[in-house]
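Visitor: Encoded as C-alpha coordinates, here's the structure I'll be asking about.
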Amino acid sequence: MDITEYMQDVGTRARAASRAMARADSATRNRALTLIAAAIVRDADLLRAANQRDLDAAAAAGLAPAMLDRLTLSDAAIATMVEGLTQIVSLADPIGEISNMKFRPTGIQVGQMRVPLGVIGIIYEARPNVTVDAAGLCIKSGNATILRGGSEAIHCNRALAKLVQEGLAGAGLPADAVQVIDTTDRAAVGALITMPQYVDVIVPRGGKGLIARLMNEATVPMIKHLDGICHVYIDAKADIRKALDIGFNAKCHRYGTCNTMETLLVSRAIAPVVLPQLAELYLTKQVELRADAESHAILAAAAYPYLVPATEEDWSTEYLAAILSVKVVDGIDEAMDHINRYSSKHTESIITEDYSDALRFLREVDSASVMVNASTRFADGFEYGLGAEIGISNDKLHARGPVGLEGLTSLKYVVFGHGEVRK
(Lines give C-alpha, C1' and ligand atoms only; values in the text may rest on other atoms or scores of the structure.)
Protein backbone atom coordinates (compact mmCIF):
# COMPACT_ATOMS: atom_id res chain seq x y z
CA MET A 1 0.00 0.00 0.00
CA ASP A 2 1.30 3.44 -0.94
CA ILE A 3 0.45 5.39 2.21
CA THR A 4 0.52 8.80 0.54
CA GLU A 5 -1.91 7.75 -2.20
CA TYR A 6 -4.12 5.95 0.30
CA MET A 7 -4.35 8.92 2.63
CA GLN A 8 -5.01 11.35 -0.21
CA ASP A 9 -7.88 9.11 -1.33
CA VAL A 10 -9.27 9.03 2.21
CA GLY A 11 -8.95 12.81 2.44
CA THR A 12 -10.64 13.41 -0.91
CA ARG A 13 -13.60 11.24 0.03
CA ALA A 14 -13.87 12.84 3.46
CA ARG A 15 -13.91 16.34 1.97
CA ALA A 16 -16.71 15.35 -0.43
CA ALA A 17 -18.68 13.73 2.41
CA SER A 18 -18.28 16.82 4.61
CA ARG A 19 -20.37 18.86 2.19
CA ALA A 20 -23.21 16.34 2.37
CA MET A 21 -22.99 16.28 6.16
CA ALA A 22 -23.15 20.06 6.38
CA ARG A 23 -26.41 20.20 4.45
CA ALA A 24 -28.04 17.22 6.17
CA ASP A 25 -30.83 18.12 8.56
CA SER A 26 -30.84 17.25 12.24
CA ALA A 27 -33.39 14.44 11.92
CA THR A 28 -31.25 12.67 9.33
CA ARG A 29 -28.10 12.89 11.42
CA ASN A 30 -29.99 11.66 14.50
CA ARG A 31 -31.38 8.81 12.45
CA ALA A 32 -27.86 7.72 11.58
CA LEU A 33 -26.86 7.73 15.24
CA THR A 34 -29.91 5.67 16.20
CA LEU A 35 -29.14 3.11 13.49
CA ILE A 36 -25.52 2.84 14.62
CA ALA A 37 -26.63 2.19 18.20
CA ALA A 38 -29.01 -0.55 17.02
CA ALA A 39 -26.28 -2.15 14.90
CA ILE A 40 -23.90 -2.25 17.89
CA VAL A 41 -26.53 -4.04 19.99
CA ARG A 42 -27.23 -6.48 17.14
CA ASP A 43 -23.57 -7.31 16.48
CA ALA A 44 -22.26 -7.22 20.04
CA ASP A 45 -20.97 -10.81 19.72
CA LEU A 46 -19.03 -9.96 16.56
CA LEU A 47 -17.53 -6.92 18.29
CA ARG A 48 -16.45 -9.01 21.26
CA ALA A 49 -14.83 -11.55 18.91
CA ALA A 50 -12.93 -8.81 17.07
CA ASN A 51 -11.86 -7.32 20.39
CA GLN A 52 -10.61 -10.73 21.56
CA ARG A 53 -8.34 -10.92 18.50
CA ASP A 54 -6.85 -7.59 19.51
CA LEU A 55 -6.47 -8.69 23.13
CA ASP A 56 -4.76 -11.95 22.13
CA ALA A 57 -2.29 -10.10 19.92
CA ALA A 58 -1.67 -7.47 22.60
CA ALA A 59 -1.03 -10.11 25.27
CA ALA A 60 1.37 -11.95 22.96
CA ALA A 61 3.19 -8.66 22.36
CA GLY A 62 3.63 -8.19 26.10
CA LEU A 63 1.42 -5.13 26.59
CA ALA A 64 1.06 -4.04 30.20
CA PRO A 65 -2.08 -5.05 32.16
CA ALA A 66 -3.22 -1.41 32.30
CA MET A 67 -3.12 -1.21 28.50
CA LEU A 68 -4.99 -4.50 28.17
CA ASP A 69 -7.66 -3.12 30.49
CA ARG A 70 -8.05 0.00 28.32
CA LEU A 71 -8.22 -2.20 25.22
CA THR A 72 -10.95 -4.49 26.53
CA LEU A 73 -14.42 -3.96 25.08
CA SER A 74 -16.50 -5.33 27.93
CA ASP A 75 -20.27 -5.74 28.02
CA ALA A 76 -20.40 -2.58 30.12
CA ALA A 77 -18.29 -0.70 27.54
CA ILE A 78 -20.59 -1.80 24.73
CA ALA A 79 -23.64 -0.67 26.71
CA THR A 80 -21.94 2.64 27.43
CA MET A 81 -21.26 3.20 23.73
CA VAL A 82 -24.92 2.64 22.94
CA GLU A 83 -26.02 4.92 25.79
CA GLY A 84 -23.56 7.56 24.63
CA LEU A 85 -25.06 7.61 21.14
CA THR A 86 -28.54 7.87 22.64
CA GLN A 87 -27.43 10.85 24.72
CA ILE A 88 -25.88 12.55 21.69
CA VAL A 89 -29.17 12.19 19.83
CA SER A 90 -30.91 14.04 22.66
CA LEU A 91 -28.51 16.99 22.56
CA ALA A 92 -29.61 20.24 20.96
CA ASP A 93 -28.34 20.58 17.39
CA PRO A 94 -26.11 23.66 17.10
CA ILE A 95 -25.83 23.64 13.30
CA GLY A 96 -27.61 26.47 11.49
CA GLU A 97 -28.33 28.43 14.65
CA ILE A 98 -28.25 32.19 13.97
CA SER A 99 -27.34 34.55 16.80
CA ASN A 100 -26.33 38.14 17.53
CA MET A 101 -28.61 39.57 14.84
CA LYS A 102 -28.60 43.37 14.69
CA PHE A 103 -29.62 46.11 12.27
CA ARG A 104 -26.93 48.41 10.96
CA PRO A 105 -27.58 52.08 10.05
CA THR A 106 -27.37 51.11 6.37
CA GLY A 107 -30.44 48.89 6.72
CA ILE A 108 -28.68 45.52 6.53
CA GLN A 109 -29.03 42.90 9.25
CA VAL A 110 -25.83 41.19 10.44
CA GLY A 111 -25.61 38.03 12.51
CA GLN A 112 -23.63 34.84 12.96
CA MET A 113 -24.51 31.28 11.93
CA ARG A 114 -23.02 28.19 13.55
CA VAL A 115 -21.54 25.79 10.99
CA PRO A 116 -19.48 22.56 11.02
CA LEU A 117 -15.70 22.71 10.92
CA GLY A 118 -15.63 20.34 7.93
CA VAL A 119 -13.26 17.36 8.21
CA ILE A 120 -11.91 16.41 11.63
CA GLY A 121 -9.00 14.03 12.01
CA ILE A 122 -8.94 12.20 15.35
CA ILE A 123 -5.89 10.26 16.52
CA TYR A 124 -6.22 8.11 19.61
CA GLU A 125 -4.73 5.11 21.40
CA ALA A 126 -6.00 1.81 22.74
CA ARG A 127 -9.63 2.46 23.68
CA PRO A 128 -11.93 1.14 20.88
CA ASN A 129 -14.97 2.90 22.37
CA VAL A 130 -13.44 6.22 21.26
CA THR A 131 -14.20 5.15 17.67
CA VAL A 132 -17.93 5.33 18.34
CA ASP A 133 -17.82 8.31 20.71
CA ALA A 134 -15.84 10.42 18.24
CA ALA A 135 -17.90 9.32 15.26
CA GLY A 136 -21.13 10.14 17.08
CA LEU A 137 -20.07 13.68 18.01
CA CYS A 138 -18.79 14.41 14.52
CA ILE A 139 -21.99 13.13 12.89
CA LYS A 140 -24.18 15.16 15.25
CA SER A 141 -22.15 18.32 14.56
CA GLY A 142 -22.38 17.86 10.78
CA ASN A 143 -18.71 17.05 10.26
CA ALA A 144 -16.92 14.28 8.40
CA THR A 145 -14.16 12.55 10.32
CA ILE A 146 -11.07 10.47 9.70
CA LEU A 147 -10.28 8.22 12.67
CA ARG A 148 -6.85 6.77 13.32
CA GLY A 149 -7.04 4.45 16.29
CA GLY A 150 -4.18 2.61 17.95
CA SER A 151 -2.71 -0.32 16.05
CA GLU A 152 -3.46 -2.56 19.04
CA ALA A 153 -7.23 -2.09 18.44
CA ILE A 154 -7.25 -2.47 14.64
CA HIS A 155 -9.66 -5.46 14.43
CA CYS A 156 -12.23 -3.97 16.78
CA ASN A 157 -11.99 -0.55 15.12
CA ARG A 158 -12.56 -2.10 11.69
CA ALA A 159 -15.66 -3.88 12.99
CA LEU A 160 -17.00 -0.70 14.58
CA ALA A 161 -16.31 1.30 11.41
CA LYS A 162 -18.48 -1.08 9.39
CA LEU A 163 -21.39 -0.56 11.78
CA VAL A 164 -20.97 3.22 11.76
CA GLN A 165 -20.90 3.31 7.96
CA GLU A 166 -23.93 1.02 7.82
CA GLY A 167 -25.86 3.47 10.00
CA LEU A 168 -24.81 6.44 7.86
CA ALA A 169 -25.88 4.72 4.67
CA GLY A 170 -29.17 3.65 6.23
CA ALA A 171 -29.95 7.30 6.97
CA GLY A 172 -29.06 8.37 3.44
CA LEU A 173 -25.74 9.93 4.41
CA PRO A 174 -22.39 9.15 2.76
CA ALA A 175 -20.54 6.26 4.40
CA ASP A 176 -17.32 8.19 3.80
CA ALA A 177 -18.40 10.69 6.45
CA VAL A 178 -16.66 8.40 8.96
CA GLN A 179 -13.54 6.57 7.84
CA VAL A 180 -11.23 4.52 10.03
CA ILE A 181 -7.67 4.36 8.71
CA ASP A 182 -7.27 0.73 7.65
CA THR A 183 -3.54 0.38 8.26
CA THR A 184 -1.29 0.21 11.30
CA ASP A 185 1.55 1.95 9.43
CA ARG A 186 2.68 4.95 11.52
CA ALA A 187 3.27 6.87 8.30
CA ALA A 188 -0.51 7.26 8.04
CA VAL A 189 -0.43 9.56 11.08
CA GLY A 190 2.28 11.69 9.49
CA ALA A 191 0.19 12.01 6.35
CA LEU A 192 -3.05 12.81 8.20
CA ILE A 193 -1.57 15.70 10.16
CA THR A 194 0.00 17.28 7.07
CA MET A 195 -3.06 17.36 4.76
CA PRO A 196 -4.60 20.81 5.31
CA GLN A 197 -6.21 20.61 1.88
CA TYR A 198 -8.39 17.75 3.16
CA VAL A 199 -8.41 18.06 6.96
CA ASP A 200 -9.57 21.17 8.85
CA VAL A 201 -8.53 20.24 12.38
CA ILE A 202 -6.79 17.42 14.26
CA VAL A 203 -7.95 16.22 17.69
CA PRO A 204 -5.33 13.99 19.38
CA ARG A 205 -6.33 11.80 22.31
CA GLY A 206 -3.36 10.01 23.78
CA GLY A 207 -0.25 10.21 25.85
CA LYS A 208 2.16 13.10 26.10
CA GLY A 209 4.60 11.45 23.68
CA LEU A 210 2.00 11.20 20.92
CA ILE A 211 0.78 14.77 21.32
CA ALA A 212 4.32 16.17 21.52
CA ARG A 213 5.10 14.47 18.22
CA LEU A 214 2.00 15.89 16.57
CA MET A 215 2.77 19.39 17.86
CA ASN A 216 6.18 19.18 16.20
CA GLU A 217 5.03 17.75 12.88
CA ALA A 218 1.45 18.87 12.19
CA THR A 219 0.58 21.48 9.58
CA VAL A 220 -3.14 21.08 10.34
CA PRO A 221 -4.48 23.09 13.32
CA MET A 222 -5.06 21.04 16.48
CA ILE A 223 -7.47 21.06 19.39
CA LYS A 224 -5.38 19.54 22.17
CA HIS A 225 -3.77 19.62 25.56
CA LEU A 226 -0.32 18.23 26.20
CA ASP A 227 -0.72 17.26 29.84
CA GLY A 228 -2.73 17.98 32.96
CA ILE A 229 -0.68 19.50 35.76
CA CYS A 230 -3.64 20.57 37.88
CA HIS A 231 -3.46 22.44 41.20
CA VAL A 232 -5.62 22.82 44.28
CA TYR A 233 -4.86 25.81 46.53
CA ILE A 234 -6.18 25.70 50.12
CA ASP A 235 -6.54 29.31 51.22
CA ALA A 236 -6.11 30.60 54.77
CA LYS A 237 -9.88 31.15 54.92
CA ALA A 238 -10.82 27.70 53.67
CA ASP A 239 -13.53 25.56 55.24
CA ILE A 240 -11.52 22.61 56.62
CA ARG A 241 -14.19 20.04 55.79
CA LYS A 242 -14.35 21.22 52.18
CA ALA A 243 -10.56 21.28 51.96
CA LEU A 244 -10.31 17.67 53.16
CA ASP A 245 -13.04 16.36 50.87
CA ILE A 246 -11.78 18.17 47.79
CA GLY A 247 -8.09 17.60 48.50
CA PHE A 248 -8.70 13.84 48.74
CA ASN A 249 -11.12 13.54 45.82
CA ALA A 250 -9.07 15.65 43.40
CA LYS A 251 -6.10 13.31 43.86
CA CYS A 252 -7.55 9.91 44.68
CA HIS A 253 -10.81 9.63 42.74
CA ARG A 254 -8.80 8.46 39.71
CA TYR A 255 -5.07 8.72 39.19
CA GLY A 256 -4.78 8.35 35.40
CA THR A 257 -6.90 11.27 34.21
CA CYS A 258 -5.81 14.67 32.97
CA ASN A 259 -8.01 16.49 35.51
CA THR A 260 -6.45 14.81 38.55
CA MET A 261 -4.65 17.14 40.99
CA GLU A 262 -0.88 16.80 40.76
CA THR A 263 0.18 19.68 43.07
CA LEU A 264 -1.38 20.77 46.36
CA LEU A 265 -0.66 24.31 47.55
CA VAL A 266 -1.53 25.24 51.14
CA SER A 267 -1.52 28.64 52.81
CA ARG A 268 1.03 28.89 55.60
CA ALA A 269 -1.66 30.09 58.02
CA ILE A 270 -3.66 26.87 57.71
CA ALA A 271 -1.01 24.29 56.77
CA PRO A 272 -0.28 23.00 60.33
CA VAL A 273 -3.98 22.23 60.73
CA VAL A 274 -4.99 20.87 57.35
CA LEU A 275 -1.91 18.94 56.19
CA PRO A 276 -1.89 16.34 59.01
CA GLN A 277 -5.60 15.68 58.45
CA LEU A 278 -5.12 15.31 54.71
CA ALA A 279 -2.19 12.99 55.38
CA GLU A 280 -4.54 10.64 57.26
CA LEU A 281 -6.71 10.43 54.15
CA TYR A 282 -3.80 10.00 51.74
CA LEU A 283 -2.39 7.24 53.95
CA THR A 284 -5.44 5.08 53.14
CA LYS A 285 -4.35 5.14 49.49
CA GLN A 286 -0.58 5.04 50.19
CA VAL A 287 -0.07 8.28 48.28
CA GLU A 288 3.56 9.35 48.04
CA LEU A 289 3.88 13.01 49.05
CA ARG A 290 6.75 14.95 47.50
CA ALA A 291 6.96 17.91 49.82
CA ASP A 292 8.83 21.20 49.94
CA ALA A 293 10.86 21.89 53.10
CA GLU A 294 8.04 23.49 55.07
CA SER A 295 5.34 20.95 54.28
CA HIS A 296 7.91 18.15 54.72
CA ALA A 297 8.52 19.28 58.29
CA ILE A 298 4.79 19.31 59.08
CA LEU A 299 4.18 15.89 57.51
CA ALA A 300 7.28 14.36 59.09
CA ALA A 301 6.04 15.51 62.50
CA ALA A 302 2.77 13.73 61.68
CA ALA A 303 4.85 10.57 60.95
CA TYR A 304 3.62 10.26 57.37
CA PRO A 305 5.44 7.20 55.99
CA TYR A 306 5.37 7.90 52.24
CA LEU A 307 7.23 11.20 52.30
CA VAL A 308 10.11 12.40 50.11
CA PRO A 309 11.61 15.85 49.49
CA ALA A 310 10.30 17.60 46.40
CA THR A 311 12.63 18.54 43.57
CA GLU A 312 12.26 21.33 41.04
CA GLU A 313 11.13 18.77 38.48
CA ASP A 314 8.19 17.70 40.64
CA TRP A 315 6.39 21.03 40.19
CA SER A 316 6.14 20.44 36.42
CA THR A 317 5.39 16.69 36.47
CA GLU A 318 2.11 14.98 35.63
CA TYR A 319 2.37 11.82 37.72
CA LEU A 320 -0.84 9.98 36.70
CA ALA A 321 -0.15 7.87 39.79
CA ALA A 322 -0.52 7.87 43.58
CA ILE A 323 2.03 10.66 43.89
CA LEU A 324 1.34 14.27 44.89
CA SER A 325 3.63 17.26 45.17
CA VAL A 326 2.90 19.52 48.16
CA LYS A 327 4.01 23.07 48.87
CA VAL A 328 3.31 25.63 51.59
CA VAL A 329 2.84 29.16 50.23
CA ASP A 330 2.55 32.52 51.94
CA GLY A 331 -0.90 33.21 50.50
CA ILE A 332 -2.94 33.63 47.35
CA ASP A 333 -0.37 35.73 45.50
CA GLU A 334 2.38 33.14 45.86
CA ALA A 335 -0.10 30.39 45.00
CA MET A 336 -1.15 32.09 41.77
CA ASP A 337 2.46 32.86 40.87
CA HIS A 338 3.32 29.16 41.31
CA ILE A 339 0.30 28.02 39.28
CA ASN A 340 0.88 30.42 36.40
CA ARG A 341 4.53 29.30 36.26
CA TYR A 342 4.16 25.53 36.46
CA SER A 343 0.59 24.74 35.40
CA SER A 344 -0.22 23.16 32.04
CA LYS A 345 -3.22 25.53 32.02
CA HIS A 346 -5.74 22.72 32.31
CA THR A 347 -7.64 23.04 35.63
CA GLU A 348 -7.02 24.76 38.97
CA SER A 349 -9.16 25.12 42.10
CA ILE A 350 -9.15 27.35 45.18
CA ILE A 351 -10.70 26.31 48.48
CA THR A 352 -11.78 29.44 50.32
CA GLU A 353 -14.68 31.18 52.04
CA ASP A 354 -13.23 34.59 51.12
CA TYR A 355 -15.25 36.05 48.24
CA SER A 356 -12.53 38.50 47.21
CA ASP A 357 -9.87 35.78 47.06
CA ALA A 358 -12.21 33.57 45.05
CA LEU A 359 -12.83 36.30 42.46
CA ARG A 360 -9.12 37.14 42.25
CA PHE A 361 -8.33 33.46 41.63
CA LEU A 362 -10.97 33.24 38.87
CA ARG A 363 -9.68 36.38 37.16
CA GLU A 364 -5.94 35.95 37.51
CA VAL A 365 -5.30 32.23 37.07
CA ASP A 366 -4.69 31.59 33.37
CA SER A 367 -6.13 28.10 32.84
CA ALA A 368 -8.92 26.57 30.78
CA SER A 369 -10.99 25.68 33.86
CA VAL A 370 -10.76 27.61 37.13
CA MET A 371 -12.86 26.52 40.11
CA VAL A 372 -13.92 27.67 43.55
CA ASN A 373 -14.59 25.05 46.24
CA ALA A 374 -14.85 22.14 43.80
CA SER A 375 -12.71 19.16 42.81
CA THR A 376 -10.64 19.42 39.63
CA ARG A 377 -12.19 16.08 38.64
CA PHE A 378 -15.27 18.02 37.50
CA ALA A 379 -13.34 19.34 34.45
CA ASP A 380 -15.21 17.08 32.06
CA GLY A 381 -17.66 17.63 29.23
CA PHE A 382 -20.40 15.49 30.75
CA GLU A 383 -20.05 17.16 34.16
CA TYR A 384 -20.19 20.60 32.49
CA GLY A 385 -23.48 19.72 30.82
CA LEU A 386 -22.04 19.40 27.32
CA GLY A 387 -23.49 15.89 27.03
CA ALA A 388 -20.21 14.47 25.78
CA GLU A 389 -16.74 15.64 24.87
CA ILE A 390 -14.24 14.87 22.15
CA GLY A 391 -11.31 16.04 24.25
CA ILE A 392 -10.00 18.91 26.35
CA SER A 393 -8.14 21.93 25.03
CA ASN A 394 -5.85 24.21 26.98
CA ASP A 395 -5.26 26.43 23.95
CA LYS A 396 -6.73 29.91 23.81
CA LEU A 397 -7.98 29.99 20.21
CA HIS A 398 -11.26 28.46 19.05
CA ALA A 399 -11.96 25.97 21.87
CA ARG A 400 -10.81 25.98 25.50
CA GLY A 401 -11.62 23.46 28.21
CA PRO A 402 -13.85 20.41 27.51
CA VAL A 403 -14.72 20.32 23.80
CA GLY A 404 -18.29 19.26 23.08
CA LEU A 405 -20.56 19.75 20.08
CA GLU A 406 -20.13 23.52 19.96
CA GLY A 407 -16.34 23.10 19.94
CA LEU A 408 -16.67 21.09 16.72
CA THR A 409 -18.33 24.03 15.01
CA SER A 410 -17.39 27.53 13.93
CA LEU A 411 -19.23 30.77 13.24
CA LYS A 412 -19.65 32.60 9.98
CA TYR A 413 -21.24 35.99 9.44
CA VAL A 414 -24.57 36.15 7.63
CA VAL A 415 -26.06 39.34 6.21
CA PHE A 416 -29.70 40.01 5.28
CA GLY A 417 -30.31 42.94 2.98
CA HIS A 418 -33.20 44.60 1.19
CA GLY A 419 -31.40 45.81 -1.88
CA GLU A 420 -28.92 48.06 -0.01
CA VAL A 421 -25.71 49.12 -1.74
CA ARG A 422 -22.68 50.65 -0.09
CA LYS A 423 -22.17 54.37 -0.74
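The way I read the labels, and the way they are meant: chains A, B, ... in the order of the C-alpha coordinates, residue 1 as the first residue of every chain, and ligand 1 as the first ligand shown, with later ones counted on from there.
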Write down as a PyMOL selection string the residues of range 129-296 of chain A whose backbone DSSP state falls under helix (DSSP H, G or I).
Guide: chain A and resi 129-140+151-170+175-177+187-192+208-217+240-252+271-283+293-296
Visitor: Can you pull out the residues contacting Lys327 in chain A? Cut-off 12 Å, using only C-alpha atoms, and skip same-chain residues under 6 positions away; I want them as an NGL selection string.
Guide: :A and (231-234 or 262-268 or 271 or 275 or 289-299 or 309-312 or 314-315 or 334-335 or 338-339)
Visitor: Between A:Ala322, A:Ile3, A:Ala57, A:Ala27, which one has atoms that come closest to Leu91 in chain A, using only C-alpha atoms?
Guide: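 Distance minimum relative to Leu91 in chain A lands on A:Ala27.
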Visitor: Pick from A:Leu160, A:Val365, A:Asn373, A:Val329: nearest to Ile240 in chain A, with only C-alpha atoms counted?
Guide: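 Result for the nearest residue to Ile240 in chain A: A:Asn373.
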Visitor: Quick one: residues within 9 Å of range 60-70 of chain A, only C-alpha atoms counted, chain neighbours fewer than 4 positions away excluded, as a list in words?
Guide: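 Counting only C-alpha atoms, the residues come to Leu55, Asp56, Ala126, Arg127 and Pro128 of chain A.
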Visitor: Quote the spacing between CA of Ala302 in chain A and CA of Asp357 in chain A in Å to one decimal place.
Guide: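 According to the coordinates, CA of Ala302 in chain A and CA of Asp357 in chain A are separated by 29.3 Å.
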Visitor: Please provide the set of residues having any atom within 7 Å of range 38-48 of chain A, restricted to only C-alpha atoms, with same-chain residues fewer than 2 positions apart removed, written as a list in words.
Guide: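 Returned residues: Thr34, Leu35, Ile36, Ala50, Asn51, Gln52, Leu73, Cys156, Ala159 and Leu163 of chain A.
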